[in-house]
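Just target.txt here, compact mmCIF, C-alpha atoms:
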```txt
# COMPACT_ATOMS: atom_id res chain seq x y z
CA MET C 1 -58.47 -21.62 -43.42
CA LEU C 2 -57.35 -19.60 -40.46
CA VAL C 3 -54.48 -21.11 -38.55
CA VAL C 4 -54.01 -19.85 -35.04
CA THR C 5 -50.60 -20.40 -33.53
CA PHE C 6 -50.08 -20.22 -29.82
CA VAL C 7 -46.58 -19.36 -28.65
CA VAL C 8 -45.76 -20.53 -25.16
CA TRP C 9 -42.86 -18.80 -23.45
CA LEU C 10 -41.05 -20.90 -20.91
CA VAL C 11 -39.90 -18.77 -18.05
CA HIS C 12 -36.76 -20.06 -16.41
CA PRO C 13 -35.75 -18.91 -12.98
CA ALA C 14 -33.03 -16.25 -12.98
CA PHE C 15 -29.47 -17.50 -12.73
CA ASP C 16 -28.18 -17.09 -9.18
CA ARG C 17 -24.40 -16.71 -9.28
CA CYS C 18 -24.15 -17.30 -5.54
CA SER C 19 -26.07 -20.59 -5.46
CA LEU C 20 -24.20 -23.85 -6.05
CA ASP C 21 -27.41 -25.29 -7.49
CA SER C 22 -26.97 -22.97 -10.49
CA TYR C 23 -23.91 -24.86 -11.71
CA ASP C 24 -23.16 -28.23 -13.25
CA ALA C 25 -20.89 -29.76 -10.63
CA SER C 26 -19.48 -32.25 -13.14
CA THR C 27 -18.10 -29.64 -15.57
CA VAL C 28 -17.34 -26.39 -13.69
CA THR C 29 -13.61 -25.74 -13.30
CA GLU C 30 -13.75 -22.19 -11.86
CA LEU C 31 -16.25 -20.85 -9.36
CA ASP C 32 -16.58 -17.18 -8.42
CA LEU C 33 -18.52 -16.69 -5.19
CA LYS C 34 -17.12 -13.28 -4.26
CA ASN C 35 -19.42 -10.78 -2.55
CA CYS C 36 -22.19 -13.32 -1.98
CA LYS C 37 -22.73 -12.55 1.73
CA LEU C 38 -22.06 -16.19 2.55
CA THR C 39 -21.89 -17.17 6.20
CA VAL C 40 -21.69 -20.88 5.32
CA LEU C 41 -20.28 -22.63 2.26
CA PRO C 42 -22.64 -25.53 1.49
CA ALA C 43 -21.22 -29.02 1.90
CA SER C 44 -22.38 -29.72 -1.66
CA ILE C 45 -19.19 -27.97 -2.83
CA SER C 46 -17.56 -31.40 -2.49
CA ARG C 47 -19.56 -32.57 -5.56
CA PHE C 48 -17.56 -30.28 -7.87
CA GLY C 49 -15.18 -32.99 -9.02
CA VAL C 50 -13.16 -31.00 -11.58
CA LEU C 51 -13.02 -27.63 -9.80
CA ARG C 52 -9.62 -25.94 -10.12
CA LYS C 53 -10.23 -22.44 -8.79
CA LEU C 54 -12.56 -21.27 -6.02
CA ASP C 55 -12.89 -17.60 -5.04
CA LEU C 56 -14.71 -16.98 -1.74
CA GLY C 57 -13.50 -13.42 -1.22
CA ASN C 58 -15.50 -10.72 0.57
CA ASN C 59 -17.96 -12.93 2.39
CA ARG C 60 -18.68 -13.64 6.08
CA LEU C 61 -17.21 -17.11 6.36
CA SER C 62 -15.49 -18.31 9.53
CA THR C 63 -15.14 -21.98 8.61
CA LEU C 64 -15.26 -24.31 5.60
CA PRO C 65 -16.88 -27.72 4.99
CA ALA C 66 -14.91 -30.76 6.11
CA VAL C 67 -14.53 -31.90 2.49
CA LEU C 68 -13.48 -29.63 -0.38
CA PRO C 69 -12.84 -30.67 -4.01
CA SER C 70 -9.46 -32.41 -4.00
CA THR C 71 -8.80 -31.02 -7.50
CA LEU C 72 -8.41 -27.43 -6.29
CA LEU C 73 -5.30 -25.57 -7.42
CA THR C 74 -6.28 -22.05 -6.28
CA LEU C 75 -8.34 -21.00 -3.27
CA PHE C 76 -9.01 -17.35 -2.36
CA CYS C 77 -10.61 -16.65 1.03
CA LEU C 78 -9.63 -13.02 1.49
CA ASN C 79 -11.68 -10.62 3.62
CA ASN C 80 -13.69 -13.13 5.61
CA ASN C 81 -14.04 -13.86 9.34
CA PHE C 82 -11.61 -16.76 9.68
CA GLU C 83 -9.58 -16.82 12.90
CA THR C 84 -7.72 -19.97 11.91
CA ILE C 85 -7.13 -21.85 8.67
CA PRO C 86 -9.71 -24.66 8.48
CA PRO C 87 -8.42 -28.28 8.62
CA ALA C 88 -10.01 -29.05 5.24
CA ILE C 89 -7.18 -27.11 3.53
CA ALA C 90 -4.71 -29.81 4.59
CA GLU C 91 -6.60 -32.34 2.45
CA LEU C 92 -6.01 -30.54 -0.86
CA PRO C 93 -3.05 -32.40 -2.39
CA HIS C 94 -2.73 -30.25 -5.53
CA LEU C 95 -3.29 -26.77 -4.04
CA ARG C 96 -0.74 -24.26 -5.36
CA MET C 97 -2.11 -20.84 -4.38
CA LEU C 98 -3.85 -20.01 -1.09
CA SER C 99 -5.00 -16.61 0.18
CA PHE C 100 -6.41 -15.70 3.59
CA LYS C 101 -5.59 -12.02 3.20
CA SER C 102 -7.45 -9.52 5.39
CA CYS C 103 -9.23 -12.04 7.56
CA ARG C 104 -8.92 -12.27 11.35
CA LEU C 105 -6.34 -15.03 11.50
CA ARG C 106 -4.76 -15.51 14.91
CA ASP C 107 -3.00 -18.72 13.96
CA VAL C 108 -2.32 -20.82 10.88
CA GLY C 109 -4.20 -23.82 12.26
CA VAL C 110 -3.33 -27.21 13.68
CA ALA C 111 -3.26 -29.23 10.46
CA PRO C 112 -0.17 -28.70 8.27
CA LEU C 113 -0.74 -26.91 4.99
CA PRO C 114 -0.39 -28.86 1.71
CA PRO C 115 3.29 -29.21 0.66
CA SER C 116 2.21 -28.49 -2.93
CA LEU C 117 1.76 -24.78 -2.10
CA VAL C 118 3.76 -22.28 -4.18
CA TRP C 119 1.98 -19.03 -3.17
CA LEU C 120 0.74 -18.29 0.36
CA ILE C 121 -0.91 -14.95 1.15
CA LEU C 122 -1.52 -14.19 4.85
CA THR C 123 -1.24 -10.40 4.67
CA ASP C 124 -3.32 -8.14 6.96
CA ASN C 125 -4.10 -10.51 9.80
CA GLU C 126 -3.39 -10.84 13.53
CA LEU C 127 -0.69 -13.51 13.45
CA VAL C 128 1.78 -13.38 16.34
CA THR C 129 3.68 -16.61 15.61
CA LEU C 130 4.07 -19.11 12.79
CA PRO C 131 4.24 -22.90 13.25
CA ASP C 132 7.41 -24.87 12.52
CA SER C 133 5.35 -26.99 10.11
CA LEU C 134 5.40 -24.08 7.65
CA GLY C 135 8.95 -25.11 6.79
CA ARG C 136 7.58 -28.23 5.09
CA LEU C 137 6.39 -26.05 2.23
CA THR C 138 9.63 -26.49 0.32
CA ARG C 139 8.07 -25.57 -3.03
CA MET C 140 7.10 -22.12 -1.77
CA ARG C 141 8.08 -19.24 -4.06
CA LYS C 142 6.01 -16.30 -2.83
CA LEU C 143 5.19 -15.83 0.85
CA MET C 144 3.22 -12.76 1.96
CA LEU C 145 3.21 -12.07 5.72
CA ALA C 146 3.02 -8.26 5.83
CA ASN C 147 0.83 -6.37 8.31
CA ASN C 148 0.76 -8.91 11.13
CA HIS C 149 2.32 -8.97 14.63
CA LEU C 150 5.21 -11.38 14.03
CA ALA C 151 8.17 -10.90 16.37
CA SER C 152 10.20 -13.77 14.91
CA LEU C 153 10.27 -16.33 12.11
CA PRO C 154 10.61 -20.09 12.68
CA SER C 155 14.03 -21.43 11.68
CA SER C 156 12.27 -24.18 9.72
CA LEU C 157 11.60 -21.61 6.96
CA ALA C 158 15.26 -22.02 5.99
CA ALA C 159 14.11 -25.12 4.11
CA MET C 160 12.23 -22.92 1.60
CA ARG C 161 15.08 -23.02 -0.88
CA GLU C 162 12.78 -22.08 -3.79
CA LEU C 163 11.53 -18.89 -2.12
CA GLU C 164 11.77 -15.86 -4.42
CA LEU C 165 9.61 -13.24 -2.71
CA LEU C 166 9.05 -12.60 1.00
CA ARG C 167 6.91 -9.75 2.36
CA LEU C 168 7.49 -9.00 6.05
CA ALA C 169 6.63 -5.30 6.21
CA ASN C 170 4.80 -3.88 9.24
CA ASN C 171 5.45 -6.62 11.76
CA GLN C 172 7.33 -6.63 15.10
CA LEU C 173 10.62 -8.14 13.90
CA LYS C 174 13.64 -6.91 15.81
CA GLU C 175 16.13 -8.51 13.42
CA LEU C 176 16.37 -10.72 10.35
CA PRO C 177 17.49 -14.31 10.93
CA ALA C 178 20.87 -15.28 9.47
CA TRP C 179 19.43 -18.13 7.42
CA LEU C 180 17.39 -15.63 5.40
CA TYR C 181 20.56 -14.39 3.68
CA GLU C 182 21.35 -17.93 2.54
CA LEU C 183 18.19 -18.57 0.54
CA PRO C 184 19.58 -18.92 -3.01
CA ARG C 185 16.55 -17.68 -4.99
CA LEU C 186 15.33 -14.86 -2.74
CA THR C 187 15.31 -11.68 -4.85
CA TRP C 188 12.49 -9.61 -3.28
CA LEU C 189 12.35 -8.84 0.44
CA ALA C 190 10.03 -6.23 2.00
CA ILE C 191 10.89 -5.30 5.61
CA ALA C 192 9.76 -1.68 6.13
CA GLY C 193 7.80 -0.87 9.25
CA ASN C 194 9.62 -3.28 11.59
CA PRO C 195 11.41 -2.12 14.79
CA PHE C 196 14.88 -2.91 13.42
CA VAL C 197 14.36 -0.76 10.31
CA ALA C 198 15.25 2.90 10.74
CA PRO C 199 12.54 5.26 9.46
CA ALA C 200 13.29 7.10 6.26
CA PRO C 201 14.70 10.60 6.82
CA ALA C 202 12.36 13.52 6.16
CA ARG C 203 12.78 15.13 2.78
CA ALA C 204 14.51 18.50 2.88
CA GLU C 205 12.37 21.39 1.71
CA LEU C 206 13.22 22.47 -1.81
CA PRO C 207 13.16 26.14 -2.80
CA SER C 208 10.35 27.11 -5.12
CA VAL C 209 11.27 27.97 -8.70
CA ARG C 210 9.06 29.92 -11.08
CA PHE C 211 8.39 28.32 -14.43
CA GLY C 212 9.79 31.36 -16.24
CA GLU C 213 13.05 31.10 -14.32
CA LEU C 214 13.28 27.43 -15.17
CA MET C 215 12.73 28.15 -18.86
CA ALA C 216 15.36 30.91 -18.87
CA CYS C 217 17.83 28.66 -17.13
CA CYS C 218 17.42 25.47 -19.08
CA ILE C 219 16.46 26.45 -22.64
CA SER C 220 19.40 27.60 -24.72
CA ASP C 221 19.26 30.49 -27.20
CA PRO C 222 18.32 28.98 -30.62
CA ARG C 223 20.70 31.43 -32.35
```
Please re-express this file's structure in structure tokens.
Amino acid sequence: MLVVTFVVWLVHPAFDRCSLDSYDASTVTELDLKNCKLTVLPASISRFGVLRKLDLGNNRLSTLPAVLPSTLLTLFCLNNNFETIPPAIAELPHLRMLSFKSCRLRDVGVAPLPPSLVWLILTDNELVTLPDSLGRLTRMRKLMLANNHLASLPSSLAAMRELELLRLANNQLKELPAWLYELPRLTWLAIAGNPFVAPAPARAELPSVRFGELMACCISDPR
């Protein structure tokens, strides 16, 4: 007896890394949405109830949904079109690392940032001033402010007693505030490219030396 078997192939739609519908919102803890050409982050991101890390780098975002997963520990928004930090960030009680590097930030926003922050990266923006509320981030250890237009630092930053690293290079600072020298844990400070820092002297030209001359000078006679 001839048995004919029919094999049916089920064709599933291709996985779309950039679509939130491709993920199980109840189990995903890390979400990589870099380079997705996003102009809007869907409000459905709020359904990701155990999300710990969200990377939105290299998109076209200028704002974020009003509600983000409150479980977030790390949020990367580098190289987007933000001009201010969205208010939704203030509602993330466990956030430890936040990056808005290489955006178009003109201010840090009205809402204070979460006091849980340990790393804050605001490098390569258009910041002219910083709010006094930044001093409430007393757990801060690494603060990156290089390549902005800052002419001064708020005195409230003196409360950052846990600060270990501070990048201030390429701003418009005319001096360093006295309180900066009193931060007990500060071990790394970058200040090059500010008006109060003298440019490095030009290197003197060194005479050329032939390799043969170098060998004759520096290698002793084996006898």
At most 12 Å is the cut-off: for each residue in stretch 144-173 of chain C with any atom that close to an atom of stretch 86-102 of chain C, write down the nearest atom pair and the distance in Å rounded to one decimal, counting all atoms listed in the file, chain first then increasing number, as a Markdown table.
```
| residue | atom | partner | partner_atom | distance |
| --- | --- | --- | --- | --- |
| C:Met144 | CA | C:Lys101 | CA | 8.9 |
| C:Leu145 | CA | C:Lys101 | CA | 9.2 |
| C:Ala146 | CA | C:Lys101 | CA | 9.8 |
| C:Asn147 | CA | C:Ser102 | CA | 9.3 |
| C:Asn148 | CA | C:Ser102 | CA | 10.0 |
```
Task: Selected residue of minimal separation from C:Ser62 among C:Asn194, C:Thr84, C:Ser44, C:Thr74, counting only C-alpha atoms - done: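 So, comparing all the options, the nearest one is C:Thr84.
Among the candidates C:Ala158, C:Leu137, C:Leu117, C:Leu105, the one nearest to C:Ala178 when counting all atoms listed in the file is C:Ala158.
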- [ ] Report the distance between atom CA of C:Ala159 and atom CA of C:Ile85 in Å, rounded to one decimal place.
- [x] 22.0 Å
Open item on the list: Given the point (0.4, -14.9, 4.1) in the file's coordinates, find the residues that have an atom at most 6 Å from it, counting only C-alpha atoms, and give them as a PyMOL selection string.
Closed with: chain C and resi 120-123+143-145
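Taking atom CA of C:Leu127 as the reference point, atom CA of C:Phe82 is found at 12.0 Å.
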- [ ] Please identify all polymer residues within 9 Å of C:Ala151, counting only C-alpha atoms, omitting same-chain residues fewer than 3 positions from it, and present them as an NGL selection string.
- [x] :C and (128-129 or 171-175)
TODO: Would you list the contacts of C:Leu165 as a PyMOL selection string, taking every protein, DNA or RNA residue within 8 Å and counting all atoms listed in the file, but skipping same-chain residues closer than 2 positions in sequence?
DONE: chain C and resi 141-144+163+167+186-189
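Among C:Leu20, C:Val40, C:Leu68, C:Ala111, the residue with the shortest atom-to-atom distance to C:Asn80, counting all atoms listed in the file, is C:Val40.
For the set C:Val118, C:Ala169, C:Leu157, C:Cys77, the residue with the smallest atom-to-atom gap to C:Arg139 is C:Val118, counting all atoms listed in the file.
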Open item on the list: When you count only C-alpha atoms, which of these residues is closest to C:Leu168: C:Arg210, C:His149, C:Arg104, C:Arg17?
Closed with: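 With only C-alpha atoms as the atom set, the closest residue is C:His149.
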